[in-house]
Amino acid sequence: MTACGLHSRVMLLLCFVSTAACNTFAFTEEPPERAGKADGYCSRILRAQSNRKEGTNEFRLRVEGDPESYQPGSTYRVSVIASSPSYFRGFTLIALKEGAEGDKDEDYVGNFQIIDEEEAQFMTNCPPAVTESTPRRRTSIQVFWTAPPSGSGCVVLKASIVQKRIIYFQDEGSLTKRMCEKESLYGDATDKPLLDCCACGTAKYRVTFYGNWSEKIHPKDYPRRANHWSAIIGASHSKNYVLWEYGGFASEGVKQVAELGSPVKMEEEIRQKGDEVLTVIKMKAQWPAWQPLNVRAAPSAEFSVDRTRHLMSFLTMLGPSPDWNVGLSAEDLCTKECGWAQKVVQDLIPWDAGTDSGVTYESPNKPTAPQEKIRPLTSLDHPQSPFYDPEGGAITPVARVVVERIARKGEQCNIVPDNVDDIVADIAQEEKEEDDTPETCIYSNWSPWSACSSATCEKGKRMRQRMLKAQLDLSVPCPHTQDFEPCMGPGCSDEDASTCMMSEWITWSPCSMSCGMGTRSRERYVKQFPDDGSVCTLPTEETENCVVNEDCSPSSCLVTEWGEWDACSATCGLGMKRRERMVKMPPADGSICGAEVLEVEKCMMPECHTIPCLLTPWSDWSDCSVTCGKGLRTRQRVLKSPVELGECSEELEQVEKCMLPECPIDCAMSEWTEWSECNKSCGKGHTIRTRMVKLEPQFGGDPCPESIQRKKCKIRKCSRRHEKKSSKDRGGDYDDGTGEAATEHPGCKMRPWSNWTECTKLCGGGIQERLMTVKRRFKTAQLSSCKDRKEIRACNVHPC
C-alpha cells in the first residue's frame, strides 16, 4: 500500500476512489530525487494503467473538426466526453510520438494549454500530462493542444478515464486519437522553414485574396452595414523576421491591423527590417467584404523572393471585429528540390490577435490584459460568438488565398526543369477559341481595341470593353466586362509573329553593385520558331549600366533598388503610378537619411472616349425613405469617363420599393354622447355619458382611452312619504340597481321598473336602459311629478 502513501498527483488520480484501486495499481516507491519527469515517472502512469479494463465507447477523445492529420504548429481543441448517462471523476491526457514508450522527454510531442484551471492542471511529477484539478463527477473536459513542428511524424493522443473503481486506458479505440503530419498542399513547398533555401535565382509571384465572408455563408449576427476587409499588408522576407505567428505575441503593428484595420504601423515595422525584407505586399481595403467577381475583381499584388528571403506573410482584418484577422504566416515558397513552388492555395479561418477580449463582431473595446498569444478561433470559444457550434465542428473558411508563380529570373538549379511558359513573365493569356461565357449572362459585343497606352517602344496596354446587359441567374457569376492585352507604340515591333515569336522581356535583374556603378540584365525567350525552320536572330538578353547609390561615402544613406511601378490608378485616360524602395543602411554618422523612398509619376491609359460608357459599380442601397410601412430606396453609379466624350444611355440611378414593419395605428374614439338623466328622482344620484371605439389600436399604437364618464347629480331632497311597495304587490322589494327599492311617487301610482335592455356592445363599453311608467295619476298630481322615468347605466366596460 505504499502507493497510497504517495502525495503525487498521479496517485491522487489512481487512489482517490478506494483502496481497491490501489491494490490493483500499486507502484514501487522510489526516492524523491529519482522521481523526475525523465526518470520514468511519466512512464509509470502507462505501466500502472496497462492492466486496464477494456473500455467501451461510452467515453470518447475528440479533436475539434475530427481531422485525420495535423498542421505543424497549429492549435486544436481536444475534448474528453462521456456519453449520457455516463460520467467520470478523473482523467489523464498525454500526446506521444507513435511507437514511443513515454519514458523519455522526447517521447512527448506538442504542448497542452489549460483552458479552465478549475477543471484541469498539469501533473506535478509529469508536466507533459494533463489531469483534473479536483476529482468530481463530470461529463466533459477541454484543453488546447499545439501540434509539434514539421518533421515530427505521427502522434497518438491518449486519454485515461477514472470512473468509480475502474480505469479505462485504450491503446486502440475511442480514447485514442492518431494523427499524422499534414502533407503539403503546395507540391514540393515545405510546411515550415526548417532549412536554408537552396534554390537559385529569383522568382516572382502574384498573390490573390478571395474573401468568402458573407451573410450567406456566415449568417449568424453578420454585420450588414459595416462589413469589410481592411487593407492587406505583408512582405516577402527571411526566416529571421516574423510578421506574426500562432503562439507568438502581436506586435504593435499587428495590433493596429487587428483592432483598427490600419496598416501604417505594420508597414513601418516591415520597412525597418532592411535586408530581411525583399518586397512589401499591399492591397486596398474592400468595402463591403463580399461582392461577386464580375462586380469587383479580387485584390492581388506581385512580389519577389530569393534564396535568403523566400518566405511570404500577410494579414488583413475582418471588420468589424474585436481583433480578428486572416492571413498566411511564413509561407515557404522554396521547395526541398531547390526550386520555386508553382502554386499555393490555402483556405483561411479567422484568428485572434490576443489584444481584445470581445466575443462578437461589434463587441465594445475590451483590452486583453495581459496580452495573450495569437491563436486560431474555434467554434467553441463562446456561445455568443458568430462562429459558435455546440457540436464543435470546424469553422467554415472566410477567405481563400492563391499564390501563383508568374516568372523566374537568373540561372535555375532545380532538378526538374520548368517548361518555357513557366519561365516567361507577364505573357497575356491567349484568347480562347471557344466562348465560355455562361448562357445566363447577356453581353453586348466587344468594343474595338483602344489605342495603346504607350506611344513609345516601352510596354503598354490596350483595352476593349463590353456591357453586361442582363444576368438571368444571380447565382452564376458573370465574367469580366473589360479585357486588356500588352502592346507597344506604332513601328516598335521588331519581330513578325508568323516567323519568330518572342516573349515579353522579363523584368531587370538586381544591380550587380549595392553602391556605385554596376550592371543589370534582362532576358526573354523564343515562344515560337519560324515555320520554315530557320533560326531566330533576335536578341534574348540585354545588359545595361545601373547606379543604386551614387554617393558611397560613410555619411551616405544606402537604399535598395527601386521596386516595380504599381498599376496605373486610372483605367482610362491620365492617371498616376508609384514605386518604392527601402533604406538598407542609415548614415553611419547618425544623420537623417535624405534619400527619396517614393516616386510618383503620371501614366496614360487608353483614351476614355474610346470607352464612352465606363461606369463604377452600383453603390449600396440607400435607407428606406420611410421609417415604417412602404417606401422607396435608391442606389447610384457614376460615369467614369466625361459625358462630353461619348454618349452613354445606361441608367445611373435605380429605385425600388422597400417594406419596413407596419406603422403603428392609434386607437380612434367616437364623440361623447349627451349626459344621461340623473338616475335618481330625488336626492343624490349620478349621470353618465359614453363614447365608442371606432378603430382598435394596431402594431403598437396608442391604446384606447376611457369610454365611460360619470358625474354626480342632485335633483331635490327626498320626502319621507316615499314608501316602498309592499312585497305582496311586487313579490318582494324591487331593487333598481342602486340599492333602493322603487317607491310611489306623489300624485301618481307607478308600475315597477322594467328589466334592463341588452347591452349595446359586447365589449369596450356599451349602455343599458330601463323604464318606469305611470300606472295611475291622481287628481292632485302635478304634471311634473307624475311622468314616465328612464334610467341608463354602463355595461361591458372591459376592453375588446
# chains A, B, ... in the order shown; residues from 1 in each chain; ligands from 1
>>> residues_around(residues="Pro539 of chain A", least_positions_apart="6", cutoff="10 Å", atoms="only C-alpha atoms", output="list in words")
Met502, Glu523, Arg524, Tyr525 and Val526 of chain A
>>> write_last_selection(atoms="C-alpha atoms", output="PDB file, in the first residue's frame")
ATOM      1  CA  MET A 502       9.316  36.171 -78.722  1.00  0.00           C
ATOM      2  CA  GLU A 523      16.021  38.108 -70.668  1.00  0.00           C
ATOM      3  CA  ARG A 524      13.329  36.916 -72.997  1.00  0.00           C
ATOM      4  CA  TYR A 525      12.663  33.591 -74.662  1.00  0.00           C
ATOM      5  CA  VAL A 526      11.572  32.224 -78.020  1.00  0.00           C
TER       6      VAL A 526
END
>>> closest_atom_pairs(of="segment 270-302 of chain A", to="segment 477-485 of chain A", cutoff="10 Å", atoms="only C-alpha atoms", output="tab-separated table")
residue	atom	partner	partner_atom	distance
A:Pro292	CA	A:Pro477	CA	6.6
A:Leu293	CA	A:Pro477	CA	7.0
A:Asn294	CA	A:His480	CA	5.3
A:Val295	CA	A:His480	CA	8.1
A:Arg296	CA	A:His480	CA	9.1
A:Ala297	CA	A:His480	CA	8.3
>>> write_last_selection(atoms="N, CA and C atoms", output="PDB file, in the first residue's frame")
ATOM      1  N   PRO A 292     -19.662  39.935 -55.900  1.00  0.00           N
ATOM      2  CA  PRO A 292     -19.337  38.987 -56.968  1.00  0.00           C
ATOM      3  C   PRO A 292     -18.129  39.472 -57.772  1.00  0.00           C
ATOM      4  N   LEU A 293     -17.395  38.511 -58.321  1.00  0.00           N
ATOM      5  CA  LEU A 293     -16.174  38.860 -59.048  1.00  0.00           C
ATOM      6  C   LEU A 293     -16.454  39.662 -60.309  1.00  0.00           C
ATOM      7  N   ASN A 294     -17.673  39.556 -60.842  1.00  0.00           N
ATOM      8  CA  ASN A 294     -17.965  40.369 -62.030  1.00  0.00           C
ATOM      9  C   ASN A 294     -18.288  41.817 -61.650  1.00  0.00           C
ATOM     10  N   VAL A 295     -18.482  42.073 -60.360  1.00  0.00           N
ATOM     11  CA  VAL A 295     -18.693  43.449 -59.893  1.00  0.00           C
ATOM     12  C   VAL A 295     -17.381  44.047 -59.405  1.00  0.00           C
ATOM     13  N   ARG A 296     -16.607  43.253 -58.651  1.00  0.00           N
ATOM     14  CA  ARG A 296     -15.325  43.738 -58.136  1.00  0.00           C
ATOM     15  C   ARG A 296     -14.303  42.609 -58.210  1.00  0.00           C
ATOM     16  N   ALA A 297     -13.225  42.864 -58.917  1.00  0.00           N
ATOM     17  CA  ALA A 297     -12.174  41.854 -59.054  1.00  0.00           C
ATOM     18  C   ALA A 297     -11.511  41.604 -57.702  1.00  0.00           C
TER      19      ALA A 297
END
>>> residues_around(residues="Gln286 of chain A", least_positions_apart="6", cutoff="12 Å", atoms="only C-alpha atoms", output="count of residues only")
21
>>> atom_distance(atom1="atom CA of Ile592 of chain A", atom2="atom CA of Val277 of chain A")
21.2 Å
>>> residues_around(residues="Asn57 of chain A", least_positions_apart="6", cutoff="10 Å", atoms="only C-alpha atoms", output="list in words")
Ala82, Ser83, Gly173, Ser174 and Leu175 of chain A
>>> residues_around(residues="Met467 of chain A", least_positions_apart="2", cutoff="7 Å", atoms="only C-alpha atoms", output="number ranges by chain")
A: 443-444, 465, 469, 481
>>> select_by_dssp(residues="segment 442-672 of chain A", states="strand (DSSP E or B)", output="count of residues only")
75
>>> select_by_dssp(residues="segment 259-422 of chain A", states="helix (DSSP H, G or I)", output="ChimeraX atom specification")
/A:259-260,264-271,274-276,420-422
>>> write_last_selection(atoms="N, CA, C and O atoms", output="short mmCIF file (atom, residue, chain, number, x, y, z; two decimals), in the first residue's frame")
data_model
loop_
_atom_site.label_atom_id
_atom_site.label_comp_id
_atom_site.auth_asym_id
_atom_site.auth_seq_id
_atom_site.Cartn_x
_atom_site.Cartn_y
_atom_site.Cartn_z
N GLU A 259 -7.08 45.43 -34.61
CA GLU A 259 -8.16 46.15 -33.92
C GLU A 259 -8.72 47.31 -34.74
O GLU A 259 -9.91 47.60 -34.67
N LEU A 260 -7.86 47.99 -35.50
CA LEU A 260 -8.29 49.21 -36.20
C LEU A 260 -8.31 49.06 -37.72
O LEU A 260 -8.85 49.92 -38.42
N VAL A 264 -0.58 51.16 -41.27
CA VAL A 264 0.51 52.13 -41.27
C VAL A 264 1.67 51.67 -40.39
O VAL A 264 2.83 51.63 -40.80
N LYS A 265 1.37 51.30 -39.13
CA LYS A 265 2.41 50.89 -38.20
C LYS A 265 3.06 49.59 -38.66
O LYS A 265 4.28 49.42 -38.56
N MET A 266 2.25 48.67 -39.19
CA MET A 266 2.79 47.40 -39.67
C MET A 266 3.77 47.62 -40.82
O MET A 266 4.85 47.02 -40.86
N GLU A 267 3.42 48.49 -41.75
CA GLU A 267 4.32 48.79 -42.87
C GLU A 267 5.61 49.43 -42.36
O GLU A 267 6.71 49.13 -42.85
N GLU A 268 5.49 50.29 -41.35
CA GLU A 268 6.68 50.92 -40.77
C GLU A 268 7.59 49.86 -40.15
O GLU A 268 8.82 49.89 -40.32
N GLU A 269 7.00 48.89 -39.44
CA GLU A 269 7.79 47.81 -38.84
C GLU A 269 8.50 46.98 -39.91
O GLU A 269 9.66 46.60 -39.76
N ILE A 270 7.78 46.70 -41.02
CA ILE A 270 8.37 45.90 -42.09
C ILE A 270 9.55 46.62 -42.71
O ILE A 270 10.62 46.05 -42.93
N ARG A 271 9.38 47.91 -42.99
CA ARG A 271 10.44 48.66 -43.68
C ARG A 271 11.66 48.86 -42.78
O ARG A 271 12.76 49.11 -43.28
N GLY A 274 14.96 46.33 -43.21
CA GLY A 274 16.04 46.44 -44.19
C GLY A 274 16.19 45.23 -45.07
O GLY A 274 15.25 44.80 -45.75
N ASP A 275 17.39 44.60 -45.07
CA ASP A 275 17.68 43.49 -45.97
C ASP A 275 16.93 42.21 -45.63
O ASP A 275 16.96 41.25 -46.40
N GLU A 276 16.26 42.14 -44.46
CA GLU A 276 15.46 40.96 -44.14
C GLU A 276 14.20 40.89 -45.01
O GLU A 276 13.56 39.85 -45.09
N VAL A 420 8.80 26.32 -70.78
CA VAL A 420 9.05 27.70 -71.18
C VAL A 420 7.98 28.63 -70.64
O VAL A 420 8.27 29.73 -70.16
N ASP A 421 6.73 28.19 -70.65
CA ASP A 421 5.65 29.08 -70.22
C ASP A 421 5.77 29.42 -68.74
O ASP A 421 5.31 30.47 -68.30
N ASP A 422 6.37 28.54 -67.93
CA ASP A 422 6.57 28.84 -66.52
C ASP A 422 7.62 29.92 -66.33
O ASP A 422 7.59 30.68 -65.38
#
>>> atom_distance(atom1="atom CA of Ile665 of chain A", atom2="atom CA of Thr627 of chain A")
14.0 Å
>>> residues_around(residues="Arg581 of chain A", least_positions_apart="4", cutoff="12 Å", atoms="only C-alpha atoms", output="mmCIF file with C-alpha atoms, in the first residue's frame")
data_model
loop_
_atom_site.group_PDB
_atom_site.id
_atom_site.type_symbol
_atom_site.label_atom_id
_atom_site.label_comp_id
_atom_site.auth_asym_id
_atom_site.auth_seq_id
_atom_site.Cartn_x
_atom_site.Cartn_y
_atom_site.Cartn_z
ATOM 1 C CA ARG A 271 10.437 48.660 -43.675
ATOM 2 C CA GLY A 274 16.042 46.445 -44.187
ATOM 3 C CA ASP A 275 17.684 43.486 -45.966
ATOM 4 C CA VAL A 277 12.616 42.092 -46.443
ATOM 5 C CA LEU A 278 12.606 41.876 -50.248
ATOM 6 C CA THR A 279 9.108 43.114 -51.186
ATOM 7 C CA VAL A 280 6.383 44.916 -49.228
ATOM 8 C CA VAL A 548 21.831 52.307 -56.980
ATOM 9 C CA ASN A 549 23.614 54.697 -54.594
ATOM 10 C CA LEU A 558 22.305 53.278 -48.696
ATOM 11 C CA VAL A 559 18.975 52.346 -50.267
ATOM 12 C CA THR A 560 17.673 49.362 -52.220
ATOM 13 C CA GLU A 561 16.854 49.476 -55.915
ATOM 14 C CA TRP A 562 13.527 50.893 -56.937
ATOM 15 C CA GLY A 563 10.694 48.380 -56.902
ATOM 16 C CA GLU A 564 8.454 47.926 -59.909
ATOM 17 C CA TRP A 565 5.829 50.541 -60.745
ATOM 18 C CA ALA A 595 17.178 59.715 -49.994
ATOM 19 C CA GLU A 596 13.749 59.561 -51.599
ATOM 20 C CA VAL A 597 11.949 56.265 -50.974
ATOM 21 C CA LEU A 598 8.825 57.028 -53.035
ATOM 22 C CA GLU A 599 8.413 58.164 -56.640
#
>>> residues_around(residues="segment 133-147 of chain A", least_positions_apart="3", cutoff="6 Å", atoms="only C-alpha atoms", output="list in words")
Pro72, Gly73, Ser74, Thr75, Tyr76, Arg77, Val78, Ser79, Val80, Ile81, Ala82, Tyr87, Phe88, Arg89, Gly90, Gly110, Asn111, Phe112, Gln113, Ile114, Ile115, Glu118, Glu119, Ala120 and Gln121 of chain A
>>> closest_residue(among="A:Cys759, A:Val774, A:Ala588, A:Asp323", to="Pro364 of chain A", atoms="only C-alpha atoms")
A:Asp323
>>> closest_residue(among="A:Asp221, A:Asp352, A:Glu181, A:Glu671", to="Glu98 of chain A", atoms="only C-alpha atoms")
A:Glu181
>>> closest_residue(among="A:Lys366, A:Lys787, A:Arg793, A:Arg405", to="Phe303 of chain A", atoms="only C-alpha atoms")
A:Arg405
>>> atom_distance(atom1="atom CA of Lys775 of chain A", atom2="atom CA of Cys718 of chain A")
21.2 Å
>>> closest_residue(among="A:Cys678, A:Met669, A:Met513, A:Ala301", to="Cys704 of chain A", atoms="only C-alpha atoms")
A:Met669
